[in-house]
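What's in my_file21.tsv: TSV, C-alpha atoms and all ligand atoms
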```
chain	number	residue	atom	x	y	z
A	180	MET	CA	-17.27	95.29	-28.49
A	181	PRO	CA	-18.86	92.28	-26.80
A	182	THR	CA	-21.39	90.43	-28.94
A	183	THR	CA	-24.88	90.76	-27.57
A	184	ALA	CA	-28.24	89.70	-28.98
A	185	GLU	CA	-28.56	93.23	-30.39
A	186	THR	CA	-25.30	93.22	-32.32
A	187	ARG	CA	-25.53	89.68	-33.72
A	188	PRO	CA	-27.60	89.01	-36.85
A	189	GLN	CA	-30.88	87.52	-35.69
A	190	PRO	CA	-33.10	85.24	-37.77
A	191	ALA	CA	-36.78	86.07	-37.70
A	192	ARG	CA	-38.05	84.05	-34.73
A	193	ARG	CA	-40.88	81.84	-35.90
A	194	GLU	CA	-44.34	83.09	-35.10
A	195	LEU	CA	-45.77	80.17	-33.15
A	196	SER	CA	-47.82	82.04	-30.58
A	197	GLU	CA	-50.68	79.48	-30.79
A	198	ALA	CA	-48.47	76.42	-30.25
A	199	PRO	CA	-49.91	74.65	-27.14
A	200	PHE	CA	-46.43	74.16	-25.66
A	201	LEU	CA	-45.62	77.88	-25.84
A	202	VAL	CA	-49.10	78.98	-24.67
A	203	ALA	CA	-48.85	76.72	-21.60
A	204	ALA	CA	-45.27	77.84	-20.92
A	205	ARG	CA	-46.54	81.42	-20.70
A	206	GLY	CA	-49.34	80.45	-18.33
A	207	GLY	CA	-52.10	80.84	-20.94
A	208	LYS	CA	-54.90	78.47	-21.96
A	209	PRO	CA	-53.66	76.13	-24.73
A	210	ALA	CA	-56.04	74.39	-27.17
A	211	ARG	CA	-54.85	71.07	-25.70
A	212	LEU	CA	-52.59	69.84	-22.89
A	213	PRO	CA	-49.09	69.89	-24.46
A	214	VAL	CA	-46.70	66.97	-24.03
A	215	TRP	CA	-43.09	66.15	-24.86
A	216	PHE	CA	-40.59	63.79	-23.25
A	217	MET	CA	-37.09	64.41	-21.97
A	218	ARG	CA	-34.77	62.03	-23.93
A	219	GLN	CA	-37.55	61.48	-26.48
A	220	ALA	CA	-34.80	61.27	-29.12
A	221	GLY	CA	-32.63	58.29	-28.34
A	222	ARG	CA	-32.27	54.65	-27.66
A	223	SER	CA	-35.95	53.82	-27.18
A	224	LEU	CA	-36.37	54.35	-30.95
A	225	PRO	CA	-35.22	51.69	-33.47
A	226	GLU	CA	-34.84	54.39	-36.14
A	227	TYR	CA	-32.43	56.21	-33.80
A	228	ARG	CA	-30.37	53.08	-33.16
A	229	ALA	CA	-30.20	52.43	-36.91
A	230	LEU	CA	-29.03	55.97	-37.70
A	231	ARG	CA	-26.45	56.02	-34.88
A	232	GLU	CA	-24.97	52.59	-35.84
A	233	GLY	CA	-21.18	53.01	-35.73
A	234	VAL	CA	-21.33	56.80	-35.10
A	235	PRO	CA	-19.94	57.92	-31.71
A	236	MET	CA	-22.37	60.09	-29.73
A	237	LEU	CA	-20.20	63.20	-29.82
A	238	ASP	CA	-19.67	62.87	-33.59
A	239	ALA	CA	-23.43	62.71	-34.09
A	240	CYS	CA	-23.82	65.91	-32.06
A	241	PHE	CA	-21.56	67.85	-34.45
A	242	ASP	CA	-23.23	66.60	-37.67
A	243	PRO	CA	-26.02	69.08	-38.54
A	244	GLU	CA	-27.96	66.68	-40.78
A	245	MET	CA	-27.78	63.86	-38.26
A	246	LEU	CA	-28.69	65.95	-35.22
A	247	ALA	CA	-31.62	67.44	-37.14
A	248	GLU	CA	-32.86	64.01	-38.24
A	249	VAL	CA	-32.59	62.51	-34.74
A	250	THR	CA	-34.44	65.52	-33.31
A	251	LEU	CA	-37.27	65.04	-35.83
A	252	GLN	CA	-37.70	61.29	-35.30
A	253	PRO	CA	-39.82	61.45	-32.11
A	254	VAL	CA	-41.87	64.36	-33.48
A	255	ARG	CA	-42.87	62.29	-36.53
A	256	ARG	CA	-43.45	59.12	-34.57
A	257	HIS	CA	-45.26	60.36	-31.46
A	258	GLY	CA	-46.78	63.70	-32.49
A	259	VAL	CA	-45.29	65.45	-29.44
A	260	ASP	CA	-45.90	69.19	-28.97
A	261	ALA	CA	-42.22	70.16	-28.90
A	262	ALA	CA	-38.94	68.93	-30.29
A	263	ILE	CA	-35.82	68.96	-28.14
A	264	LEU	CA	-32.53	69.51	-29.87
A	265	PHE	CA	-30.48	66.32	-30.06
A	266	SER	CA	-27.22	67.25	-28.35
A	267	ASP	CA	-25.71	66.75	-24.92
A	268	ILE	CA	-24.80	68.88	-21.92
A	269	VAL	CA	-21.10	68.18	-22.52
A	270	VAL	CA	-21.17	69.25	-26.20
A	271	PRO	CA	-20.06	72.86	-25.52
A	272	LEU	CA	-17.17	71.64	-23.32
A	273	LYS	CA	-16.05	69.20	-26.01
A	274	ALA	CA	-16.39	71.97	-28.62
A	275	ALA	CA	-14.28	74.33	-26.49
A	276	GLY	CA	-11.48	71.76	-26.44
A	277	LEU	CA	-11.87	69.96	-23.12
A	278	ASP	CA	-10.83	66.29	-23.20
A	279	ILE	CA	-14.22	64.70	-22.50
A	280	ASP	CA	-16.07	61.78	-24.02
A	281	ILE	CA	-19.43	60.07	-23.66
A	282	VAL	CA	-18.94	56.42	-22.83
A	283	PRO	CA	-21.94	54.25	-23.85
A	284	GLY	CA	-23.75	52.89	-20.81
A	285	THR	CA	-21.79	55.19	-18.46
A	286	GLY	CA	-22.12	58.82	-19.52
A	287	PRO	CA	-19.66	61.73	-19.74
A	288	VAL	CA	-16.08	60.91	-18.67
A	289	VAL	CA	-13.26	63.48	-18.49
A	290	ALA	CA	-9.61	62.56	-19.05
A	291	SER	CA	-8.36	64.44	-15.98
A	292	PRO	CA	-10.72	65.53	-13.19
A	293	VAL	CA	-10.74	69.27	-12.41
A	294	ARG	CA	-9.82	69.63	-8.72
A	295	ASP	CA	-7.28	72.44	-8.34
A	296	ALA	CA	-6.73	76.06	-9.33
A	297	ALA	CA	-4.57	75.21	-12.34
A	298	ALA	CA	-7.17	72.80	-13.68
A	299	VAL	CA	-9.99	75.32	-13.14
A	300	ALA	CA	-8.04	78.04	-14.96
A	301	ALA	CA	-7.50	75.60	-17.83
A	302	VAL	CA	-11.24	74.92	-18.34
A	303	PRO	CA	-11.73	76.47	-21.77
A	304	LEU	CA	-14.36	79.09	-22.54
A	305	LEU	CA	-16.60	78.58	-25.57
A	306	ASP	CA	-16.40	80.61	-28.76
A	307	PRO	CA	-19.78	80.49	-30.58
A	308	GLU	CA	-17.94	79.48	-33.77
A	309	GLN	CA	-16.99	76.21	-32.06
A	310	VAL	CA	-20.65	75.17	-31.92
A	311	ALA	CA	-21.45	76.37	-35.46
A	312	PRO	CA	-22.52	72.80	-36.49
A	313	VAL	CA	-25.13	72.84	-33.68
A	314	ALA	CA	-26.42	76.24	-34.86
A	315	ASP	CA	-26.54	74.86	-38.44
A	316	GLY	CA	-28.59	71.91	-37.17
A	317	VAL	CA	-30.98	74.31	-35.41
A	318	ARG	CA	-31.46	76.26	-38.65
A	319	LEU	CA	-32.27	73.03	-40.55
A	320	LEU	CA	-34.78	72.14	-37.84
A	321	VAL	CA	-36.48	75.51	-37.84
A	322	GLU	CA	-37.10	75.00	-41.59
A	323	ARG	CA	-38.31	71.41	-41.20
A	324	LEU	CA	-40.37	71.50	-38.00
A	325	GLY	CA	-43.36	73.43	-39.32
A	326	SER	CA	-45.49	74.56	-36.41
A	327	THR	CA	-43.73	72.44	-33.75
A	328	PRO	CA	-41.58	74.50	-31.36
A	329	LEU	CA	-37.92	73.58	-30.84
A	330	ILE	CA	-36.42	73.51	-27.34
A	331	GLY	CA	-32.72	74.26	-26.96
A	332	PHE	CA	-30.84	73.39	-23.78
A	333	ALA	CA	-27.68	73.52	-21.74
A	334	GLY	CA	-26.36	71.82	-18.63
A	335	ALA	CA	-26.41	74.05	-15.55
A	336	PRO	CA	-23.10	74.94	-13.85
A	337	PHE	CA	-23.53	72.52	-10.93
A	338	THR	CA	-24.31	69.47	-13.04
A	339	LEU	CA	-21.47	70.27	-15.47
A	340	ALA	CA	-19.11	70.90	-12.55
A	341	SER	CA	-19.99	67.56	-11.01
A	342	TYR	CA	-18.89	65.71	-14.17
A	343	LEU	CA	-15.65	67.72	-14.34
A	344	ILE	CA	-14.74	67.42	-10.66
A	345	GLU	CA	-15.76	63.78	-10.19
A	346	GLY	CA	-14.34	62.81	-13.59
A	347	GLY	CA	-17.57	61.09	-14.59
A	348	PRO	CA	-21.03	60.17	-13.30
A	349	SER	CA	-21.23	60.13	-9.50
A	350	ARG	CA	-23.64	58.81	-6.91
A	351	ASN	CA	-22.53	61.02	-4.02
A	352	HIS	CA	-20.87	64.02	-5.72
A	353	GLU	CA	-18.37	63.90	-2.87
A	354	HIS	CA	-15.41	65.62	-4.53
A	355	THR	CA	-17.73	68.34	-5.80
A	356	LYS	CA	-19.25	69.03	-2.37
A	357	ALA	CA	-15.85	68.84	-0.70
A	358	LEU	CA	-14.33	71.38	-3.11
A	359	MET	CA	-17.35	73.69	-2.78
A	360	HIS	CA	-16.97	73.87	1.00
A	361	ALA	CA	-13.18	73.61	1.32
A	362	ASP	CA	-12.40	76.25	-1.30
A	363	PRO	CA	-15.48	78.36	-2.06
A	364	GLU	CA	-13.44	80.81	-4.11
A	365	LEU	CA	-12.19	78.07	-6.42
A	366	TRP	CA	-15.71	76.62	-6.63
A	367	HIS	CA	-17.17	79.99	-7.65
A	368	SER	CA	-14.44	80.46	-10.20
A	369	LEU	CA	-15.22	77.07	-11.82
A	370	ALA	CA	-19.00	77.55	-11.64
A	371	GLY	CA	-18.57	81.01	-13.15
A	372	ARG	CA	-16.62	79.63	-16.11
A	373	LEU	CA	-19.24	76.92	-16.64
A	374	ALA	CA	-22.00	79.54	-16.51
A	375	ASP	CA	-20.18	81.40	-19.29
A	376	VAL	CA	-19.98	78.21	-21.36
A	377	ALA	CA	-23.68	77.39	-20.82
A	378	LEU	CA	-24.70	80.95	-21.67
A	379	THR	CA	-22.68	81.04	-24.89
A	380	PHE	CA	-24.13	77.65	-25.90
A	381	LEU	CA	-27.71	78.79	-25.24
A	382	ARG	CA	-27.22	82.08	-27.09
A	383	ALA	CA	-25.84	80.22	-30.11
A	384	GLN	CA	-29.00	78.09	-30.17
A	385	LEU	CA	-31.27	81.11	-29.63
A	386	ASP	CA	-29.56	83.11	-32.36
A	387	ALA	CA	-30.16	80.15	-34.71
A	388	GLY	CA	-33.86	80.13	-33.82
A	389	VAL	CA	-34.85	77.82	-30.92
A	390	ASP	CA	-38.26	78.71	-29.44
A	391	ALA	CA	-37.60	77.87	-25.76
A	392	VAL	CA	-34.69	76.75	-23.61
A	393	GLN	CA	-34.31	74.26	-20.79
A	394	LEU	CA	-31.51	74.47	-18.24
A	395	PHE	CA	-30.76	70.94	-17.00
A	396	ASP	CA	-29.46	70.88	-13.44
A	397	SER	CA	-30.08	67.15	-13.26
A	398	TRP	CA	-28.04	66.49	-10.14
A	399	ALA	CA	-28.87	69.63	-8.10
A	400	GLY	CA	-31.19	67.52	-5.94
A	401	ALA	CA	-28.06	66.21	-4.19
A	402	LEU	CA	-27.70	69.61	-2.49
A	403	SER	CA	-29.38	71.12	0.56
A	404	PRO	CA	-31.43	74.25	-0.15
A	405	ARG	CA	-28.88	76.24	1.84
A	406	ASP	CA	-25.93	75.02	-0.24
A	407	TYR	CA	-27.93	75.38	-3.44
A	408	ARG	CA	-28.71	79.02	-2.72
A	409	GLU	CA	-25.15	79.87	-1.71
A	410	PHE	CA	-23.08	77.91	-4.24
A	411	VAL	CA	-25.30	77.25	-7.24
A	412	LEU	CA	-28.19	79.67	-7.56
A	413	PRO	CA	-26.10	82.77	-8.42
A	414	HIS	CA	-24.46	80.98	-11.35
A	415	SER	CA	-27.64	79.42	-12.74
A	416	ALA	CA	-29.36	82.78	-12.28
A	417	ARG	CA	-26.69	84.45	-14.42
A	418	VAL	CA	-27.32	81.93	-17.20
A	419	LEU	CA	-31.10	82.37	-17.07
A	420	ALA	CA	-30.88	86.16	-16.84
A	421	GLY	CA	-28.42	86.15	-19.74
A	422	VAL	CA	-31.07	84.77	-22.11
A	423	ALA	CA	-34.02	86.79	-20.77
A	424	GLU	CA	-33.66	89.37	-23.57
A	425	TYR	CA	-34.77	86.75	-26.14
A	426	GLY	CA	-38.21	86.64	-24.51
A	427	VAL	CA	-38.59	82.85	-24.90
A	428	PRO	CA	-39.77	80.53	-22.10
A	429	ARG	CA	-36.97	79.31	-19.82
A	430	ILE	CA	-37.52	75.89	-18.21
A	431	HIS	CA	-35.39	74.90	-15.20
A	432	PHE	CA	-35.23	71.19	-14.36
A	433	GLY	CA	-33.54	68.88	-11.88
A	434	VAL	CA	-34.12	65.45	-10.34
A	435	GLY	CA	-34.98	65.05	-6.63
A	436	THR	CA	-35.45	68.81	-6.30
A	437	GLY	CA	-38.63	68.86	-4.21
A	438	GLU	CA	-36.86	70.91	-1.53
A	439	LEU	CA	-35.29	73.21	-4.16
A	440	LEU	CA	-38.34	74.14	-6.23
A	441	THR	CA	-38.66	77.71	-4.96
A	442	ALA	CA	-34.89	78.26	-5.21
A	443	MET	CA	-34.85	76.99	-8.79
A	444	ARG	CA	-37.75	79.32	-9.57
A	445	ASP	CA	-35.91	82.21	-7.92
A	446	ALA	CA	-32.96	81.50	-10.21
A	447	GLY	CA	-35.12	82.95	-12.97
A	448	ALA	CA	-37.22	80.15	-14.45
A	449	ASP	CA	-40.52	80.73	-16.26
A	450	VAL	CA	-41.35	77.02	-16.00
A	451	VAL	CA	-40.19	74.71	-13.21
A	452	GLY	CA	-39.60	71.05	-14.07
A	453	VAL	CA	-40.77	68.62	-11.38
A	454	ASP	CA	-39.78	64.96	-11.02
A	455	TRP	CA	-42.22	62.23	-9.91
A	456	ARG	CA	-41.41	62.52	-6.18
A	457	VAL	CA	-43.61	65.57	-5.61
A	458	PRO	CA	-47.21	65.59	-6.94
A	459	LEU	CA	-47.79	68.56	-9.24
A	460	ASP	CA	-50.50	70.10	-7.05
A	461	GLU	CA	-48.09	70.01	-4.12
A	462	ALA	CA	-45.32	71.47	-6.31
A	463	VAL	CA	-47.69	74.29	-7.27
A	464	ARG	CA	-48.49	74.88	-3.59
A	465	ARG	CA	-44.77	75.14	-2.79
A	466	LEU	CA	-44.10	77.41	-5.77
A	467	SER	CA	-47.02	79.71	-4.95
A	468	VAL	CA	-45.32	80.81	-1.74
A	469	PRO	CA	-43.53	84.07	-2.52
A	470	ASP	CA	-39.86	83.87	-1.66
A	471	SER	CA	-37.14	86.29	-2.66
A	472	ALA	CA	-38.93	86.97	-5.96
A	473	PRO	CA	-42.00	89.22	-5.85
A	474	ASP	CA	-44.89	87.63	-7.76
A	475	HIS	CA	-45.26	83.90	-8.18
A	476	ALA	CA	-48.94	83.50	-7.50
A	477	ARG	CA	-49.48	81.35	-10.60
A	478	PRO	CA	-46.54	79.06	-11.37
A	479	VAL	CA	-46.12	77.04	-14.56
A	480	VAL	CA	-44.88	73.47	-14.12
A	481	GLN	CA	-43.57	70.66	-16.33
A	482	GLY	CA	-43.75	66.96	-15.49
A	483	ASN	CA	-43.96	64.46	-13.91
A	484	LEU	CA	-44.67	60.84	-14.88
A	485	ASP	CA	-42.15	58.37	-13.43
A	486	PRO	CA	-40.32	57.05	-16.53
A	487	ALA	CA	-40.03	53.60	-14.92
A	488	LEU	CA	-43.84	53.26	-14.90
A	489	LEU	CA	-43.86	53.31	-18.71
A	490	LEU	CA	-42.66	49.71	-18.38
A	491	ALA	CA	-45.78	48.76	-16.40
A	492	SER	CA	-49.09	47.66	-17.99
A	493	TRP	CA	-51.20	50.18	-19.94
A	494	PRO	CA	-53.94	50.50	-17.26
A	495	VAL	CA	-51.23	51.59	-14.79
A	496	VAL	CA	-49.82	54.12	-17.25
A	497	GLU	CA	-53.27	55.46	-18.13
A	498	ALA	CA	-54.24	55.94	-14.47
A	499	GLU	CA	-50.96	57.78	-13.81
A	500	VAL	CA	-51.38	60.05	-16.85
A	501	ARG	CA	-54.93	60.94	-15.76
A	502	ARG	CA	-53.84	61.62	-12.18
A	503	ILE	CA	-50.97	63.87	-13.30
A	504	ALA	CA	-53.14	65.79	-15.78
A	505	ALA	CA	-55.69	66.39	-13.00
A	506	GLU	CA	-53.05	67.50	-10.48
A	507	GLY	CA	-51.49	69.78	-13.11
A	508	LYS	CA	-54.73	71.77	-13.25
A	509	ALA	CA	-53.58	73.50	-10.06
A	510	ALA	CA	-50.95	75.36	-12.13
A	511	ALA	CA	-51.36	78.40	-14.35
A	512	GLY	CA	-49.83	76.26	-17.07
A	513	HIS	CA	-48.90	72.57	-17.25
A	514	ILE	CA	-46.60	70.96	-19.80
A	515	PHE	CA	-46.96	67.19	-19.56
A	516	ASN	CA	-43.61	65.37	-19.46
A	517	LEU	CA	-41.83	62.62	-17.61
A	518	GLY	CA	-40.14	63.26	-14.28
A	519	HIS	CA	-36.79	62.44	-15.95
A	520	GLY	CA	-35.65	61.05	-19.30
A	521	VAL	CA	-37.14	58.17	-21.30
A	522	LEU	CA	-35.39	54.92	-20.26
A	523	PRO	CA	-33.76	53.00	-23.13
A	524	GLY	CA	-35.94	49.91	-22.55
A	525	THR	CA	-39.20	51.82	-23.04
A	526	ASP	CA	-41.60	50.56	-25.73
A	527	PRO	CA	-41.99	53.55	-28.08
A	528	GLU	CA	-45.62	52.56	-28.76
A	529	VAL	CA	-46.42	53.29	-25.13
A	530	LEU	CA	-45.01	56.82	-25.59
A	531	THR	CA	-47.24	57.33	-28.64
A	532	ARG	CA	-50.27	56.15	-26.63
A	533	VAL	CA	-49.39	58.55	-23.81
A	534	VAL	CA	-49.32	61.45	-26.29
A	535	GLU	CA	-52.72	60.42	-27.70
A	536	LEU	CA	-54.19	60.13	-24.21
A	537	VAL	CA	-52.78	63.46	-23.00
A	538	HIS	CA	-54.21	65.15	-26.08
A	539	ARG	CA	-57.68	63.71	-25.33
A	540	LEU	CA	-57.66	64.95	-21.71
B	1	LIG	O1	-34.14	63.75	-26.42
B	1	LIG	C1	-33.55	64.57	-25.68
B	1	LIG	O2	-33.89	64.81	-24.51
B	1	LIG	C2	-32.41	65.38	-26.27
B	1	LIG	C3	-31.12	64.86	-26.13
B	1	LIG	C4	-30.33	64.88	-24.85
B	1	LIG	C5	-29.25	63.98	-24.68
B	1	LIG	N1	-28.60	64.32	-23.53
B	1	LIG	C6	-28.91	62.92	-25.63
B	1	LIG	C7	-28.12	61.77	-25.14
B	1	LIG	C8	-30.35	65.72	-23.74
B	1	LIG	C9	-31.33	66.82	-23.41
B	1	LIG	C10	-29.24	65.35	-22.92
B	1	LIG	C11	-28.87	66.07	-21.70
B	1	LIG	C12	-28.04	65.37	-20.70
B	1	LIG	N2	-26.90	64.64	-20.92
B	1	LIG	C13	-28.25	65.44	-19.31
B	1	LIG	C14	-29.36	66.21	-18.66
B	1	LIG	C15	-30.63	65.47	-18.76
B	1	LIG	C16	-30.76	64.30	-17.84
B	1	LIG	O3	-30.94	63.19	-18.33
B	1	LIG	O4	-30.71	64.51	-16.61
B	1	LIG	C17	-27.25	64.70	-18.69
B	1	LIG	C18	-27.09	64.48	-17.20
B	1	LIG	C19	-26.39	64.21	-19.70
B	1	LIG	C20	-25.16	63.40	-19.54
B	1	LIG	C21	-25.31	62.12	-20.26
B	1	LIG	N3	-25.13	61.98	-21.61
B	1	LIG	C22	-25.68	60.85	-19.74
B	1	LIG	C23	-25.95	60.56	-18.30
B	1	LIG	C24	-25.74	59.95	-20.84
B	1	LIG	C25	-26.17	58.51	-20.83
B	1	LIG	C26	-25.04	57.56	-20.93
B	1	LIG	C27	-25.53	56.17	-21.29
B	1	LIG	O5	-25.09	55.66	-22.33
B	1	LIG	O6	-26.33	55.62	-20.55
B	1	LIG	C28	-25.39	60.69	-21.97
B	1	LIG	C29	-25.35	60.19	-23.35
B	1	LIG	C30	-26.55	60.53	-24.15
B	1	LIG	N4	-27.04	61.79	-24.31
B	1	LIG	C31	-27.34	59.64	-24.93
B	1	LIG	C32	-28.32	60.41	-25.56
B	1	LIG	C33	-29.38	59.95	-26.53
B	1	LIG	C34	-27.09	58.16	-25.07
B	1	LIG	C35	-25.94	57.94	-26.02
B	1	LIG	C36	-26.24	57.01	-27.13
B	1	LIG	O7	-27.37	56.96	-27.65
B	1	LIG	O8	-25.29	56.33	-27.55
```

Would you write out, as structure tokens, the structure that this file holds?
Amino acid sequence: MPTTAETRPQPARRELSEAPFLVAARGGKPARLPVWFMRQAGRSLPEYRALREGVPMLDACFDPEMLAEVTLQPVRRHGVDAAILFSDIVVPLKAAGLDIDIVPGTGPVVASPVRDAAAVAAVPLLDPEQVAPVADGVRLLVERLGSTPLIGFAGAPFTLASYLIEGGPSRNHEHTKALMHADPELWHSLAGRLADVALTFLRAQLDAGVDAVQLFDSWAGALSPRDYREFVLPHSARVLAGVAEYGVPRIHFGVGTGELLTAMRDAGADVVGVDWRVPLDEAVRRLSVPDSAPDHARPVVQGNLDPALLLASWPVVEAEVRRIAAEGKAAAGHIFNLGHGVLPGTDPEVLTRVVELVHRL
């Protein structure tokens, strides 16, 4: 019998219905504007750099105590409204046995790029047991986080596929786009396998108790809306639909996705992440237009401060935060965040000040 959420033992999901992050994610009226930051755990924090000293990234991701501690660091320091699990989008692929590593300063690198049918067939599927240390880390966090919600995540099929096909980070995603168009059947077979991997990874986190999930399709903005809908949306939609039964908010995020916002919503998101290129009120206007899905009159958005501006002076940052909070009022719910991850050179004290300011607005 296939394991489903019904047949697996489920921990009691924490009762956090008043948490501002979860209220906003559901389009309700939170007690305060909630804020967290993508990549809030990481190199901007001296306590992170100290803990990671001499520990390779992918070792840290399979050490429950370490991943729990790194996840908690920004919550303690900044007082953010949500924790995001410290892991990486390539963790489930590594766990499943794929030869992949994270090279400092570069990103994920695979030993042999996946570009033909044999290589696609050899992409391993994930057994939940292989990410047991991640689930153990989630259970530690659920005990230690108190009333702060925990966000789990996975990489979306397109973004994962780009790393596998290109062999590493890519500016143009040329091998990925070429394969997609030259051999759609092979593309769909690879994207389907990666959707299975992402879904298994998310379910493992949900079974261990995460309170929300974010699907990172960081590089989807490289695609035209037409290609996105044909080659990517069905696979991301299967991942998002596959976790719907848990009833937790599903956030869908990508960079440079101004032209894809409605398509990413149609994939099944409850919350659409927006980068800094599209003002939130404009994003809400775009998302309010019904498309293939029936009722989207009141979208919920997350974003969208340009992470580079955190390196500007405080008056610049403050004006940006105020503008974004005001523009976010157009949405049914707004979760304040950056438009992409915290840059390593960011002064963590600026992040703490942003949290304080957002909470006063
Ligand atoms: O705080 C958080 O947001 C949670 C942790 C997190 C990491 N990676 C930790 C990490 C999350 C959510 C991710 C997801 C991730 N990983 C994405 C999607 C989000 C995004 O930024 O668009 C992507 C594209 C990756 C792939 C990846 N992993 C890259 C591009 C890098 C950076 C490489 C580098 O050194 O510049 C990584 C490594 C990585 N993942 C680090 C961290 C903290 C840095 C490694 C280190 O500290 O040594």

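Once all atoms listed in the file are used for the distance check, the residues close to ligand LIG 1 (chain B) at 6 Å turn out to be Met217, Arg218, Gln219, Ala220, Gly221, Arg222, Met236, Ile263, Leu264, Phe265, Ser266, Asp267, Ile268, Ile281, Pro283, Gly284, Thr285, Gly286, Pro287, Phe395, Ser397 and Gly520 of chain A.
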
### Message
Around the point (-43.9, 65.3, -28.6) (coordinates from the file), which residues reach within 8 Å if we count all atoms listed in the file? Answer as a PyMOL selection string.
### Response
chain A and resi 214-216+219+253-254+257-262+534

### Summary
note - CA of Gly518 in chain A and CA of Val453 in chain A are separated by 6.1 Å

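CA of Ser326 in chain A lies 9.8 Å from CA of Ser196 in chain A.
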
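Counting all atoms listed in the file, range 457-460 of chain A has the following residues at most 6 Å away, ignoring those fewer than 5 positions along the same chain: Glu506, Gly507 and Ala509 of chain A.
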
#### Entry: Minimum-distance residue to Asp449 in chain A, chosen among A:Ala504, A:Val392, A:Ala298, A:Ala239 (using only C-alpha atoms)
A:Val392

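Note that CA of Trp398 in chain A and CA of Leu439 in chain A are 11.6 Å apart.
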
### Query
So, counting only C-alpha atoms, which residue among A:Val411, A:Ala204, A:Leu277, A:Val376 is closest to Ile330 in chain A?
A:Ala204

### Task
Might you pull out every residue within 9 Å of Val299 in chain A, with only C-alpha atoms counted and same-chain residues fewer than 5 positions away left off, and present them as a list in words?
Val293, Arg294, Leu365, Trp366, Ser368, Leu369 and Arg372 of chain A

Report the centre and edge lengths, in Å to one decimal, of an axis-aligned box enclosing every atom of range 220-232 of chain A listed in the file, padded by 5 Å on each side, as JSON.
```
{"center_x": -30.7, "center_y": 56.5, "center_z": -32.4, "size_x": 21.4, "size_y": 19.6, "size_z": 20.5}
```

### Which residue of A:Val537, A:Glu497, A:Glu528, A:Ala487 approaches Ile514 in chain A most closely, using only C-alpha atoms
A:Val537

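Of the residues listed (A:Val269, A:Ala383, A:Leu466, A:Leu373), A:Val269 shows the shortest atom-to-atom separation from Gly347 in chain A; distances use all atoms listed in the file.
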
### Shell of 8 Å around Leu489 in chain A, all atoms listed in the file, local chain residues under 5 positions omitted, as number ranges by chain
A: 496, 525-526, 529-530

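Remark: for Val289 in chain A, the closest of the candidate residues A:Ser341, A:Thr327, A:Gln393, A:Ser223 is A:Ser341 (distances computed over only C-alpha atoms).
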
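For the set A:Leu319, A:Val282, A:Ala491, A:Ile344, the residue with the smallest atom-to-atom gap to Met359 in chain A is A:Ile344, counting all atoms listed in the file.
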
### Residue contacts of Leu320 in chain A (12 Å, all atoms listed in the file) excluding same-chain residues fewer than 2 positions away, as a ChimeraX atom specification
/A:193,243-252,254,261-265,313-318,322-331,384,387-390

Since fewer atoms than expected are present, regenerate N, CA, C and O atoms for range 334-341 of chain A and write them as an mmCIF file, in the frame of the given file.
```
data_model
loop_
_atom_site.group_PDB
_atom_site.id
_atom_site.type_symbol
_atom_site.label_atom_id
_atom_site.label_comp_id
_atom_site.auth_asym_id
_atom_site.auth_seq_id
_atom_site.Cartn_x
_atom_site.Cartn_y
_atom_site.Cartn_z
ATOM 1 N N GLY A 334 -26.532 72.323 -19.980
ATOM 2 C CA GLY A 334 -26.360 71.820 -18.630
ATOM 3 C C GLY A 334 -26.075 73.002 -17.716
ATOM 4 O O GLY A 334 -25.357 73.935 -18.086
ATOM 5 N N ALA A 335 -26.632 72.975 -16.514
ATOM 6 C CA ALA A 335 -26.410 74.050 -15.550
ATOM 7 C C ALA A 335 -25.011 73.902 -14.927
ATOM 8 O O ALA A 335 -24.442 72.799 -14.916
ATOM 9 N N PRO A 336 -24.468 74.999 -14.397
ATOM 10 C CA PRO A 336 -23.100 74.940 -13.850
ATOM 11 C C PRO A 336 -22.860 73.816 -12.845
ATOM 12 O O PRO A 336 -21.826 73.153 -12.909
ATOM 13 N N PHE A 337 -23.796 73.563 -11.930
ATOM 14 C CA PHE A 337 -23.530 72.520 -10.930
ATOM 15 C C PHE A 337 -23.397 71.145 -11.559
ATOM 16 O O PHE A 337 -22.467 70.383 -11.256
ATOM 17 N N THR A 338 -24.336 70.809 -12.431
ATOM 18 C CA THR A 338 -24.310 69.470 -13.040
ATOM 19 C C THR A 338 -23.080 69.300 -13.920
ATOM 20 O O THR A 338 -22.428 68.244 -13.904
ATOM 21 N N LEU A 339 -22.714 70.343 -14.671
ATOM 22 C CA LEU A 339 -21.470 70.270 -15.470
ATOM 23 C C LEU A 339 -20.265 70.135 -14.543
ATOM 24 O O LEU A 339 -19.368 69.320 -14.784
ATOM 25 N N ALA A 340 -20.244 70.929 -13.481
ATOM 26 C CA ALA A 340 -19.110 70.900 -12.550
ATOM 27 C C ALA A 340 -18.945 69.527 -11.933
ATOM 28 O O ALA A 340 -17.823 69.036 -11.755
ATOM 29 N N SER A 341 -20.076 68.873 -11.622
ATOM 30 C CA SER A 341 -19.990 67.560 -11.010
ATOM 31 C C SER A 341 -19.264 66.580 -11.944
ATOM 32 O O SER A 341 -18.384 65.834 -11.505
#
```
